[in-house]
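Undergrad: File follows, protein.txt with compact mmCIF, C-alpha atoms:
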```
# COMPACT_ATOMS: atom_id res chain seq x y z
CA MET A 22 0.00 0.00 0.00
CA ARG A 23 1.13 3.56 -0.55
CA GLU A 24 0.42 6.80 1.25
CA CYS A 25 1.34 10.13 -0.29
CA LYS A 26 1.35 13.59 1.24
CA ALA A 27 -0.24 15.03 -1.86
CA ASP A 28 -1.33 18.57 -2.49
CA ARG A 29 -4.85 18.87 -1.12
CA ARG A 30 -5.89 20.53 -4.39
CA SER A 31 -4.68 17.66 -6.59
CA PRO A 32 -7.36 15.52 -8.27
CA HIS A 33 -5.16 12.48 -7.61
CA ARG A 34 -4.67 11.58 -3.98
CA CYS A 35 -1.12 10.42 -4.57
CA ALA A 36 0.01 13.17 -6.95
CA PRO A 37 2.91 15.02 -5.31
CA ARG A 38 3.16 18.70 -4.74
CA LEU A 39 6.04 20.24 -6.66
CA GLY A 40 9.12 19.37 -4.68
CA ALA A 41 7.08 17.83 -1.84
CA PRO A 42 8.30 14.73 0.01
CA CYS A 43 6.25 11.55 -0.29
CA ALA A 44 6.15 8.92 2.45
CA VAL A 45 6.47 5.51 0.80
CA ALA A 46 5.37 2.41 2.73
CA ILE A 47 7.14 -0.59 1.17
CA ASP A 48 5.62 -4.09 1.51
CA HIS A 49 8.89 -5.79 2.55
CA PRO A 50 10.11 -7.51 5.75
CA ASP A 51 12.72 -4.79 6.20
CA ALA A 52 10.31 -1.98 5.36
CA GLY A 53 10.81 -0.32 8.71
CA ARG A 54 14.54 -0.19 8.11
CA PHE A 55 14.41 1.01 4.51
CA ALA A 56 11.34 3.30 4.44
CA LYS A 57 12.40 6.86 3.78
CA MET A 58 11.23 10.21 2.46
CA VAL A 59 11.57 10.47 -1.31
CA ARG A 60 11.65 13.90 -2.92
CA PHE A 61 10.18 14.38 -6.38
CA PRO A 62 12.39 16.92 -8.19
CA ARG A 63 10.62 19.79 -9.94
CA GLU A 64 12.46 18.83 -13.13
CA ILE A 65 10.88 15.36 -13.16
CA PHE A 66 7.42 16.79 -12.51
CA ARG A 67 7.92 19.34 -15.29
CA MET A 68 8.95 16.63 -17.77
CA THR A 69 5.74 14.71 -17.13
CA GLN A 70 3.36 17.67 -16.83
CA ALA A 71 4.66 20.49 -19.02
CA ALA A 72 3.01 21.16 -22.37
CA PRO A 73 3.80 23.61 -25.17
CA SER A 74 2.30 27.07 -24.70
CA ALA A 75 -0.17 26.53 -27.54
CA ALA A 76 -1.55 23.50 -25.69
CA ARG A 77 -2.24 25.69 -22.66
CA ALA A 78 -4.74 27.87 -24.53
CA VAL A 79 -8.01 27.63 -22.63
CA SER A 80 -11.64 27.28 -23.67
CA PRO A 81 -14.93 26.93 -21.77
CA ALA A 82 -14.51 23.14 -21.96
CA ASP A 83 -11.37 23.35 -19.79
CA GLY A 84 -13.24 24.50 -16.71
CA PRO A 85 -13.95 27.67 -14.76
CA VAL A 86 -12.04 30.94 -14.99
CA ALA A 87 -11.49 33.02 -11.85
CA VAL A 88 -11.40 36.82 -11.98
CA THR A 89 -10.08 38.90 -9.08
CA GLY A 90 -11.28 42.48 -8.78
CA ALA A 91 -14.45 41.29 -10.49
CA SER A 92 -16.59 44.14 -9.15
CA GLY A 93 -14.23 46.79 -10.54
CA TYR A 94 -14.52 48.76 -13.76
CA ILE A 95 -12.28 46.52 -15.88
CA GLY A 96 -12.98 43.35 -13.89
CA SER A 97 -16.75 43.57 -14.41
CA TRP A 98 -16.35 43.80 -18.16
CA ILE A 99 -13.98 40.82 -18.07
CA VAL A 100 -16.68 38.79 -16.30
CA LEU A 101 -19.30 39.82 -18.87
CA ASP A 102 -17.03 39.03 -21.81
CA LEU A 103 -16.20 35.59 -20.44
CA MET A 104 -19.86 34.82 -19.82
CA GLU A 105 -20.73 35.84 -23.37
CA GLN A 106 -18.34 33.13 -24.55
CA GLY A 107 -19.87 30.46 -22.31
CA TYR A 108 -17.42 30.35 -19.42
CA GLU A 109 -18.25 29.53 -15.84
CA VAL A 110 -16.78 32.55 -14.05
CA ARG A 111 -15.80 32.73 -10.42
CA SER A 112 -16.08 36.41 -9.58
CA CYS A 113 -13.76 37.18 -6.68
CA VAL A 114 -14.62 40.31 -4.69
CA ARG A 115 -13.63 41.67 -1.32
CA ASP A 116 -17.13 41.69 0.16
CA PRO A 117 -19.96 39.86 -1.66
CA SER A 118 -22.49 41.27 0.83
CA LYS A 119 -22.36 44.81 -0.61
CA PRO A 120 -25.13 45.11 -3.22
CA GLU A 121 -23.71 48.30 -4.71
CA LYS A 122 -20.57 46.35 -5.59
CA VAL A 123 -21.98 43.03 -6.81
CA ASP A 124 -25.62 43.34 -7.90
CA HIS A 125 -24.59 44.16 -11.48
CA LEU A 126 -22.58 40.93 -11.58
CA LEU A 127 -25.44 38.79 -10.30
CA ALA A 128 -27.75 40.45 -12.83
CA LEU A 129 -25.60 39.01 -15.62
CA ASN A 130 -26.95 35.56 -14.74
CA GLU A 131 -30.39 36.79 -15.81
CA ALA A 132 -29.19 38.43 -19.04
CA GLY A 133 -29.44 35.37 -21.27
CA LEU A 134 -25.68 34.93 -21.59
CA ARG A 135 -24.15 31.54 -22.36
CA GLY A 136 -22.07 31.45 -19.18
CA HIS A 137 -22.72 31.82 -15.47
CA THR A 138 -21.00 33.52 -12.56
CA THR A 139 -20.77 32.93 -8.83
CA LEU A 140 -19.42 35.26 -6.15
CA HIS A 141 -16.43 34.40 -3.98
CA ALA A 142 -14.93 36.45 -1.16
CA GLY A 143 -11.20 37.06 -1.26
CA ASP A 144 -8.70 39.29 0.50
CA LEU A 145 -5.58 40.12 -1.49
CA PHE A 146 -3.53 40.48 1.67
CA GLU A 147 -4.58 37.16 3.23
CA PRO A 148 -2.52 34.11 2.20
CA GLY A 149 -4.69 31.28 0.89
CA SER A 150 -7.74 33.52 0.62
CA TYR A 151 -8.40 32.41 -2.97
CA ASP A 152 -7.65 28.70 -2.59
CA ASP A 153 -11.28 27.59 -2.74
CA ALA A 154 -12.28 30.02 -5.50
CA PHE A 155 -9.38 28.95 -7.74
CA ASP A 156 -9.76 25.21 -7.17
CA GLY A 157 -10.19 23.53 -10.58
CA CYS A 158 -9.82 26.78 -12.56
CA CYS A 159 -8.05 26.54 -15.91
CA ALA A 160 -7.19 30.24 -15.85
CA VAL A 161 -6.90 33.05 -13.33
CA ILE A 162 -7.27 36.65 -14.45
CA HIS A 163 -5.85 38.89 -11.76
CA ALA A 164 -7.52 42.27 -12.32
CA GLY A 165 -7.78 43.21 -8.65
CA ALA A 166 -5.63 45.78 -6.89
CA ALA A 167 -5.80 47.02 -3.32
CA VAL A 168 -2.99 49.57 -3.42
CA GLY A 169 -2.08 52.49 -5.61
CA TYR A 170 -5.30 54.49 -5.44
CA ASN A 171 -5.48 55.49 -1.78
CA ARG A 172 -3.15 57.31 0.60
CA GLU A 173 -0.43 54.70 0.96
CA THR A 174 3.17 55.81 1.09
CA PRO A 175 5.26 55.08 -2.02
CA GLN A 176 6.97 52.19 -0.24
CA GLN A 177 3.60 50.74 0.79
CA VAL A 178 2.43 50.92 -2.83
CA TYR A 179 5.55 49.09 -3.99
CA ASP A 180 5.55 46.42 -1.28
CA GLY A 181 1.78 45.93 -1.38
CA CYS A 182 1.73 45.17 -5.09
CA PHE A 183 4.20 42.32 -4.63
CA THR A 184 2.41 40.96 -1.58
CA GLU A 185 -1.05 40.82 -3.11
CA VAL A 186 0.12 39.32 -6.40
CA GLN A 187 2.20 36.71 -4.58
CA HIS A 188 -0.84 35.63 -2.58
CA VAL A 189 -2.96 35.35 -5.73
CA LEU A 190 -0.22 33.43 -7.53
CA ASP A 191 0.22 31.02 -4.62
CA SER A 192 -3.49 30.19 -4.65
CA ALA A 193 -3.52 29.85 -8.43
CA ARG A 194 -0.66 27.36 -8.39
CA ARG A 195 -2.65 25.14 -6.04
CA SER A 196 -5.14 24.52 -8.84
CA ALA A 197 -4.00 21.41 -10.69
CA ALA A 198 -5.99 22.60 -13.72
CA LEU A 199 -4.19 25.96 -14.09
CA LYS A 200 -2.98 26.71 -17.63
CA ARG A 201 -2.90 30.49 -17.86
CA PHE A 202 -2.39 33.35 -15.39
CA VAL A 203 -3.28 36.74 -16.89
CA PHE A 204 -2.18 39.81 -14.94
CA THR A 205 -3.67 43.28 -15.34
CA SER A 206 -0.47 45.30 -15.28
CA SER A 207 -0.33 48.92 -16.43
CA PHE A 208 1.21 51.08 -19.12
CA ALA A 209 3.10 52.55 -16.17
CA ALA A 210 5.29 49.44 -16.37
CA VAL A 211 6.28 50.53 -19.89
CA GLY A 212 6.35 54.33 -19.87
CA HIS A 213 9.38 56.40 -18.96
CA PRO A 214 10.63 59.85 -19.94
CA ARG A 215 11.33 60.02 -23.66
CA PRO A 216 11.26 62.82 -26.23
CA GLU A 217 7.79 63.97 -27.25
CA GLY A 218 6.32 61.79 -29.99
CA TYR A 219 8.26 58.68 -28.97
CA VAL A 220 6.15 55.57 -29.63
CA PHE A 221 6.26 53.04 -26.79
CA THR A 222 6.01 49.30 -27.45
CA GLU A 223 5.91 46.12 -25.40
CA LYS A 224 9.72 46.02 -25.54
CA ASP A 225 9.90 49.10 -23.29
CA TRP A 226 10.15 48.92 -19.51
CA CYS A 227 9.78 51.78 -17.06
CA GLY A 228 13.32 51.24 -15.81
CA ASP A 229 14.83 51.86 -19.25
CA ASN A 230 16.83 54.95 -20.13
CA VAL A 231 17.90 55.56 -16.53
CA GLU A 232 20.77 57.80 -17.57
CA GLY A 233 18.40 59.92 -19.64
CA TYR A 234 16.47 61.09 -16.59
CA ARG A 235 19.17 61.07 -13.91
CA GLY A 236 18.36 57.68 -12.49
CA ALA A 237 14.96 58.75 -11.18
CA TRP A 238 13.25 55.39 -11.68
CA THR A 239 15.55 53.24 -9.59
CA GLU A 240 15.07 51.31 -6.36
CA GLU A 241 16.57 53.99 -4.13
CA ASN A 242 13.93 56.47 -5.33
CA ILE A 243 10.93 54.20 -4.76
CA PRO A 244 10.23 55.56 -1.22
CA LYS A 245 10.25 59.13 -2.55
CA ASN A 246 7.69 59.05 -5.36
CA ARG A 247 4.34 57.23 -5.71
CA ASP A 248 4.43 57.23 -9.52
CA ILE A 249 7.86 55.62 -9.52
CA ALA A 250 6.80 53.13 -6.83
CA TYR A 251 3.65 52.13 -8.73
CA ALA A 252 5.40 51.76 -12.08
CA MET A 253 8.38 49.86 -10.71
CA ALA A 254 6.06 47.58 -8.73
CA LYS A 255 4.01 46.69 -11.80
CA ALA A 256 7.12 46.05 -13.91
CA ARG A 257 8.89 43.92 -11.34
CA THR A 258 5.72 42.03 -10.48
CA GLU A 259 5.38 41.14 -14.15
CA LYS A 260 8.93 39.81 -14.21
CA MET A 261 8.36 37.87 -11.00
CA LEU A 262 5.29 36.19 -12.52
CA TYR A 263 7.09 35.26 -15.73
CA ALA A 264 9.99 33.79 -13.76
CA ALA A 265 7.65 31.82 -11.48
CA ALA A 266 5.76 30.35 -14.43
CA GLU A 267 8.98 29.49 -16.25
CA GLU A 268 10.35 27.77 -13.16
CA ASP A 269 7.09 25.90 -12.59
CA GLY A 270 6.73 24.80 -16.19
CA THR A 271 3.03 23.90 -16.09
CA PHE A 272 1.34 27.24 -16.84
CA ASP A 273 1.96 30.52 -18.66
CA ALA A 274 1.90 34.00 -17.14
CA MET A 275 1.15 36.99 -19.35
CA ALA A 276 0.09 40.60 -18.88
CA ILE A 277 -2.28 43.22 -20.24
CA LEU A 278 -1.01 46.81 -19.94
CA PRO A 279 -3.87 49.32 -20.31
CA LEU A 280 -3.29 53.01 -20.86
CA HIS A 281 -6.19 55.51 -20.56
CA VAL A 282 -9.24 53.28 -20.12
CA ILE A 283 -12.63 54.82 -20.81
CA GLY A 284 -15.98 53.44 -21.90
CA PRO A 285 -19.41 52.62 -20.48
CA LEU A 286 -20.05 52.02 -16.78
CA MET A 287 -21.81 48.85 -15.63
CA CYS A 288 -22.82 50.40 -12.31
CA VAL A 289 -22.69 53.73 -10.47
CA ASN A 290 -19.80 52.52 -8.36
CA HIS A 291 -17.55 52.53 -11.44
CA ASP A 292 -17.48 56.32 -11.39
CA GLN A 293 -14.32 56.58 -9.30
CA GLY A 294 -12.94 60.05 -8.68
CA TRP A 295 -9.41 59.23 -9.86
CA SER A 296 -10.49 57.53 -13.07
CA TRP A 297 -10.27 58.60 -16.70
CA GLN A 298 -13.98 57.93 -17.25
CA ASN A 299 -14.72 60.31 -14.37
CA CYS A 300 -12.77 63.01 -16.20
CA ILE A 301 -15.09 62.54 -19.19
CA ARG A 302 -18.04 63.04 -16.86
CA TYR A 303 -16.58 66.29 -15.52
CA MET A 304 -15.93 67.57 -19.02
CA LEU A 305 -19.55 66.85 -19.93
CA MET A 306 -20.54 68.79 -16.81
CA GLY A 307 -18.62 71.79 -18.14
CA LYS A 308 -15.91 71.63 -15.49
CA PRO A 309 -12.20 72.31 -15.98
CA TYR A 310 -10.21 69.22 -16.77
CA MET A 311 -7.41 70.10 -14.35
CA LYS A 312 -9.49 68.60 -11.52
CA SER A 313 -7.50 65.38 -11.31
CA ARG A 314 -5.30 64.93 -14.37
CA GLY A 315 -2.71 67.03 -16.16
CA GLY A 316 -4.77 68.97 -18.68
CA ARG A 317 -2.06 69.34 -21.33
CA MET A 318 -1.16 65.65 -21.50
CA LEU A 319 -2.10 63.51 -24.50
CA TRP A 320 -5.06 61.18 -23.98
CA ASN A 321 -4.20 57.75 -25.38
CA ASN A 322 -7.56 56.02 -25.20
CA VAL A 323 -8.69 52.41 -25.09
CA ASP A 324 -12.22 51.12 -24.58
CA VAL A 325 -12.83 49.20 -21.35
CA ARG A 326 -14.65 46.54 -23.39
CA ASP A 327 -11.59 46.04 -25.60
CA THR A 328 -9.41 45.87 -22.51
CA ALA A 329 -11.64 43.17 -21.04
CA ARG A 330 -11.76 41.20 -24.27
CA ALA A 331 -7.96 41.25 -24.53
CA HIS A 332 -7.69 39.45 -21.18
CA ARG A 333 -9.82 36.57 -22.44
CA LEU A 334 -8.08 36.43 -25.81
CA CYS A 335 -4.78 36.26 -24.00
CA ALA A 336 -5.91 33.21 -22.05
CA GLU A 337 -7.30 31.59 -25.20
CA SER A 338 -4.42 32.41 -27.55
CA THR A 339 -2.29 29.71 -29.17
CA VAL A 340 0.25 32.41 -30.04
CA ALA A 341 0.70 34.06 -26.64
CA LYS A 342 3.21 32.38 -24.38
CA ASN A 343 4.82 32.82 -21.02
CA GLY A 344 6.11 36.38 -20.77
CA SER A 345 3.81 37.79 -23.46
CA ARG A 346 2.67 41.32 -22.68
CA TYR A 347 0.20 43.45 -24.59
CA ILE A 348 -0.25 47.22 -24.44
CA LEU A 349 -3.91 48.25 -24.61
CA SER A 350 -3.99 51.77 -25.97
CA ALA A 351 -5.23 53.57 -29.07
CA SER A 352 -5.64 51.50 -32.23
CA ASP A 353 -4.28 54.35 -34.33
CA ARG A 354 -3.74 58.11 -34.25
CA SER A 355 -7.48 58.77 -34.14
CA GLY A 356 -7.56 57.51 -30.54
CA GLU A 357 -4.79 59.85 -29.39
CA LEU A 358 -6.33 63.19 -28.45
CA PHE A 359 -5.17 66.27 -26.64
CA THR A 360 -7.71 67.63 -24.18
CA TRP A 361 -8.79 70.42 -26.50
CA GLU A 362 -9.36 67.84 -29.25
CA MET A 363 -11.33 65.71 -26.79
CA GLN A 364 -13.51 68.73 -26.00
CA ALA A 365 -14.27 69.28 -29.66
CA ARG A 366 -15.11 65.61 -30.18
CA LEU A 367 -17.44 65.55 -27.17
CA LYS A 368 -19.20 68.68 -28.40
CA ASP A 369 -19.90 66.94 -31.71
CA LEU A 370 -21.10 63.75 -30.04
CA PHE A 371 -23.29 65.52 -27.45
CA PRO A 372 -24.60 68.64 -29.23
CA SER A 373 -27.31 69.19 -26.60
CA ILE A 374 -24.65 70.03 -23.99
CA ALA A 375 -24.06 73.75 -24.15
CA ASP A 376 -20.66 73.85 -22.49
CA VAL A 377 -18.12 71.03 -22.55
CA GLY A 378 -15.33 71.66 -20.07
CA GLY A 379 -11.64 70.98 -20.37
CA GLU A 380 -8.57 73.10 -20.84
CA GLU A 381 -8.55 76.76 -21.72
CA THR A 382 -8.57 77.44 -25.45
CA GLN A 383 -8.07 80.46 -27.68
CA ASP A 384 -9.62 80.37 -31.14
CA GLY A 385 -10.18 76.62 -30.79
CA LYS A 386 -6.55 75.93 -29.87
CA PRO A 387 -4.99 75.30 -26.44
CA ALA A 388 -3.93 78.40 -24.55
CA GLN A 389 -0.89 76.54 -23.22
CA LYS A 390 1.51 74.19 -24.96
CA THR A 391 0.40 70.57 -24.99
CA TYR A 392 2.70 67.65 -24.22
CA ASP A 393 2.86 65.07 -27.01
CA SER A 394 3.17 61.91 -24.93
CA PRO A 395 2.47 59.04 -24.36
CA ARG A 396 2.14 57.64 -27.85
CA SER A 397 1.51 53.93 -28.21
CA TYR A 398 -0.74 51.57 -30.17
CA CYS A 399 -2.28 48.18 -29.42
CA LEU A 400 -0.85 46.69 -32.62
CA LEU A 401 0.54 43.54 -31.00
CA ALA A 402 -2.79 42.70 -29.38
CA LYS A 403 -4.48 43.06 -32.76
CA GLN A 404 -1.84 41.00 -34.56
CA GLU A 405 -1.34 38.16 -32.07
CA LEU A 406 -4.66 38.04 -30.23
CA GLY A 407 -6.95 39.03 -33.08
CA LEU A 408 -8.38 41.92 -31.07
CA HIS A 409 -10.94 44.12 -32.83
CA THR A 410 -11.46 47.53 -31.27
CA TYR A 411 -14.12 50.20 -30.96
CA SER A 412 -13.58 53.53 -32.68
CA ILE A 413 -12.86 56.52 -30.46
CA ASP A 414 -16.26 58.04 -31.28
CA GLU A 415 -18.04 54.80 -30.33
CA THR A 416 -16.14 54.73 -27.04
CA LEU A 417 -16.75 58.37 -26.15
CA LYS A 418 -20.44 58.14 -27.02
CA ALA A 419 -20.88 54.96 -24.96
CA THR A 420 -19.08 56.58 -22.02
CA GLY A 421 -21.28 59.67 -22.00
CA ASP A 422 -24.48 57.72 -22.62
CA SER A 423 -23.76 55.44 -19.66
CA TYR A 424 -23.34 58.45 -17.38
CA PHE A 425 -26.73 59.78 -18.46
CA ARG A 426 -28.29 56.33 -18.12
CA ARG A 427 -26.92 55.88 -14.58
CA GLY A 428 -28.23 59.29 -13.54
CA LEU A 429 -24.72 60.67 -13.01
CA LEU A 430 -25.26 63.45 -15.54
CA PRO A 431 -28.36 65.64 -15.64
CA ALA A 432 -30.69 65.00 -18.55
CA SER A 433 -30.22 67.72 -21.13
```
The structure given in the file should be rewritten as structure tokens.
TA:
Amino acid sequence: MRECKADRRSPHRCAPRLGAPCAVAIDHPDAGRFAKMVRFPREIFRMTQAAPSAARAVSPADGPVAVTGASGYIGSWIVLDLMEQGYEVRSCVRDPSKPEKVDHLLALNEAGLRGHTTLHAGDLFEPGSYDDAFDGCCAVIHAGAAVGYNRETPQQVYDGCFTEVQHVLDSARRSAALKRFVFTSSFAAVGHPRPEGYVFTEKDWCGDNVEGYRGAWTEENIPKNRDIAYAMAKARTEKMLYAAAEEDGTFDAMAILPLHVIGPLMCVNHDQGWSWQNCIRYMLMGKPYMKSRGGRMLWNNVDVRDTARAHRLCAESTVAKNGSRYILSASDRSGELFTWEMQARLKDLFPSIADVGGEETQDGKPAQKTYDSPRSYCLLAKQELGLHTYSIDETLKATGDSYFRRGLLPAS
């Protein structure tokens, strides 16, 4: 007979955890003398379990997909997109008892979609919090984030990002069915000071060109600046995930890097004061754009629905592999707008609004010099993932219409 200290998440009672010792009871007169702990090397497990990246592409037939941050702006659209394709979705939220956060997710089960969702509580800072939710999942999409938007110190932002992602990764690896881990990173992990007009690609990292800006984005400066801390945390978390997946050998880790995400709201709670969609609302209210964002900066827009779809396509792709990263930004130059251009576009799309706010203009041009950055395009996502995107006018119109529909803008 044989007894194995197997991973409690394994479908086979005697399947070893990676690197875990197995107690072997040998049916032999000298068993007591010869019984010992036998360690299964990770290399042997990888040889028997690893599959090419293309074979790790998931589909609804492979089992459930878990989404962290499911009640959030991007996370909610990820859940909807997965359900449209027939997936069983495990929506992980901090507190399922808050109707203002989760009712819109539960309503999706009554919307005639092919898939279904269930709610699962999870705390990003609690080890093992997602073990049950991830059990049997073929993919985990980590769209949740607990730090970076509040009043944490720069060091807390940096450390917190690693901690929460490590906890999610640990739970994901306990699912024997795991094939893909998709991380919602940020364009911040790519962007760094460059000359105006420079076009960023997935080959860029925020720590590049250190000499060009006096070493600002280095480890010693993390405690001094939240933007640096956030960007460096996202970049180094990405690299940690890729290394962990490579070392494990049984799943792929990949990342989506959104830039300025706008588009329709699924619930009132998605109107967050720091968000880009909230800036659209304020412009449609006739308020100055300087409220929360630098007014002269280039808007590089991507639709929240395209961002959500890219996460699923990443998990399903036979082309994407461990370490693949995809910028989600404008499809072309039409989606890159300065604030004064955004004002003009909103005036055309919402002619009943008498005064669209934004930056100060003179004769239809900005009163102050604009800053031509960041420029970037989601070309790789279109080429490798087959992503089709909304036009900028479709996105802006859907954003404004959703604010009117949710009662967050007065009827004109």
Undergrad: Near Val186 in chain A, within 10 Å and counting all atoms listed in the file, which residues show up once chain neighbours fewer than 3 positions away are dropped, as a list in words?
TA: Leu145, Phe146, His163, Gly165, Ala166, Gly181, Cys182, Phe183, Val189, Leu190, Asp191, Ser192, Phe204, Lys255, Thr258, Glu259, Met261 and Leu262 of chain A
Undergrad: Between A:His409, A:Arg115, A:Arg396, A:Arg427, which has the minimum distance to Pro216 in chain A (counting all atoms listed in the file)?
TA: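 The shortest atom-to-atom distance to Pro216 in chain A comes from A:Arg396.
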Undergrad: Within 7 Å of range 354-363 of chain A, counting all atoms listed in the file, which residues qualify if same-chain residues fewer than 3 places away don't, as a ChimeraX atom specification?
TA: /A:316-322,351,366-367,379-380,386-387,413
Undergrad: Please dump the current selection as an mmCIF file, in the coordinates of the input; keep C-alpha atoms.
TA:
```cif
data_model
loop_
_atom_site.group_PDB
_atom_site.id
_atom_site.type_symbol
_atom_site.label_atom_id
_atom_site.label_comp_id
_atom_site.auth_asym_id
_atom_site.auth_seq_id
_atom_site.Cartn_x
_atom_site.Cartn_y
_atom_site.Cartn_z
ATOM 1 C CA GLY A 316 -4.770 68.970 -18.680
ATOM 2 C CA ARG A 317 -2.060 69.340 -21.330
ATOM 3 C CA MET A 318 -1.160 65.650 -21.500
ATOM 4 C CA LEU A 319 -2.100 63.510 -24.500
ATOM 5 C CA TRP A 320 -5.060 61.180 -23.980
ATOM 6 C CA ASN A 321 -4.200 57.750 -25.380
ATOM 7 C CA ASN A 322 -7.560 56.020 -25.200
ATOM 8 C CA ALA A 351 -5.230 53.570 -29.070
ATOM 9 C CA ARG A 366 -15.110 65.610 -30.180
ATOM 10 C CA LEU A 367 -17.440 65.550 -27.170
ATOM 11 C CA GLY A 379 -11.640 70.980 -20.370
ATOM 12 C CA GLU A 380 -8.570 73.100 -20.840
ATOM 13 C CA LYS A 386 -6.550 75.930 -29.870
ATOM 14 C CA PRO A 387 -4.990 75.300 -26.440
ATOM 15 C CA ILE A 413 -12.860 56.520 -30.460
#
```
Undergrad: For Leu429 in chain A, please output as a count of residues only all residues within 10 Å (counting all atoms listed in the file; exclusion window: fewer than 6 positions along the same chain).
TA: 6
Undergrad: For Ile374 in chain A, find every residue with an atom within 10 Å (counting all atoms listed in the file), except residues of its own chain fewer than 3 positions away, and show them as a ChimeraX atom specification.
TA: /A:305-307,367-371,377,432-433
Undergrad: So which residues touch range 74-77 of chain A within 10 Å, counting only C-alpha atoms, skipping near sequence neighbours fewer than 6 positions away, as a VMD selection string?
TA: chain A and resid 83 159 to 160 199 to 201 270 to 273 336 to 343
Undergrad: Restricting the calculation to only C-alpha atoms, which member of A:Ser92, A:Gln298, A:Gln187, A:Ser207 is positioned closest to Glu121 in chain A?
TA: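 With only C-alpha atoms as the atom set, the closest residue is A:Ser92.
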Undergrad: How many Å separate CA of Ser394 in chain A from CA of Gln177 in chain A?
TA: 28.0 Å
Undergrad: Pick out the closest residue to Arg257 in chain A from this set: A:Tyr151, A:Phe221, A:Tyr179, A:Phe208. Count all atoms listed in the file.
TA: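 Using all atoms listed in the file, the shortest distance to Arg257 in chain A belongs to A:Tyr179.
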Undergrad: Here is a test: counting only C-alpha atoms, which residue of A:Gly294, A:Gly149, A:Gly378, A:Gly228 is nearest to Met253 in chain A?
TA: A:Gly228
Undergrad: Would you mind telling me which residue in A:Pro214, A:Pro120, A:Pro85, A:Gly107 lies nearest to Asp156 in chain A when using all atoms listed in the file?
TA: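 Going through A:Pro214, A:Pro120, A:Pro85, A:Gly107 one by one, the smallest distance to Asp156 in chain A is for A:Pro85.
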Undergrad: For Ala256 in chain A, which residue out of A:Gly344, A:Gly93, A:Gly136, A:Gly84 is the nearest one, using all atoms listed in the file?
TA: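 Checking each candidate against Ala256 in chain A, we get A:Gly344 as the closest.
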Undergrad: So how many Å separate CA of Cys288 in chain A and CA of Cys113 in chain A, to one decimal?
TA: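 Computing the Euclidean distance for CA of Cys288 in chain A and CA of Cys113 in chain A yields 17.0 Å.
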Undergrad: In Å, how far is it from CA of Thr239 in chain A to CA of Glu185 in chain A?
TA: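 Taking CA of Thr239 in chain A and CA of Glu185 in chain A, their separation equals 21.7 Å.
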Undergrad: Take range 109-121 of chain A, model N, CA and C atoms, and hand the result over as a short mmCIF file (atom, residue, chain, number, x, y, z; two decimals), in the coordinates of the input.
TA:
```cif
data_model
loop_
_atom_site.label_atom_id
_atom_site.label_comp_id
_atom_site.auth_asym_id
_atom_site.auth_seq_id
_atom_site.Cartn_x
_atom_site.Cartn_y
_atom_site.Cartn_z
N GLU A 109 -17.85 29.44 -17.24
CA GLU A 109 -18.25 29.53 -15.84
C GLU A 109 -17.22 30.44 -15.17
N VAL A 110 -17.69 31.54 -14.59
CA VAL A 110 -16.78 32.55 -14.05
C VAL A 110 -16.93 32.62 -12.54
N ARG A 111 -15.81 32.55 -11.87
CA ARG A 111 -15.80 32.73 -10.42
C ARG A 111 -15.36 34.17 -10.13
N SER A 112 -16.32 34.99 -9.81
CA SER A 112 -16.08 36.41 -9.58
C SER A 112 -15.61 36.63 -8.15
N CYS A 113 -14.36 37.00 -8.00
CA CYS A 113 -13.76 37.18 -6.68
C CYS A 113 -13.81 38.65 -6.29
N VAL A 114 -14.45 38.94 -5.16
CA VAL A 114 -14.62 40.31 -4.69
C VAL A 114 -14.26 40.36 -3.21
N ARG A 115 -14.01 41.54 -2.73
CA ARG A 115 -13.63 41.67 -1.32
C ARG A 115 -14.79 41.36 -0.39
N ASP A 116 -15.97 41.88 -0.72
CA ASP A 116 -17.13 41.69 0.16
C ASP A 116 -18.38 41.43 -0.68
N PRO A 117 -18.78 40.18 -0.84
CA PRO A 117 -19.96 39.86 -1.66
C PRO A 117 -21.27 40.36 -1.06
N SER A 118 -21.25 40.85 0.17
CA SER A 118 -22.49 41.27 0.83
C SER A 118 -22.89 42.70 0.48
N LYS A 119 -22.05 43.42 -0.27
CA LYS A 119 -22.36 44.81 -0.61
C LYS A 119 -23.07 44.87 -1.96
N PRO A 120 -24.38 45.13 -1.96
CA PRO A 120 -25.13 45.11 -3.22
C PRO A 120 -24.64 46.13 -4.24
N GLU A 121 -24.16 47.28 -3.77
CA GLU A 121 -23.71 48.30 -4.71
C GLU A 121 -22.47 47.86 -5.47
#
```
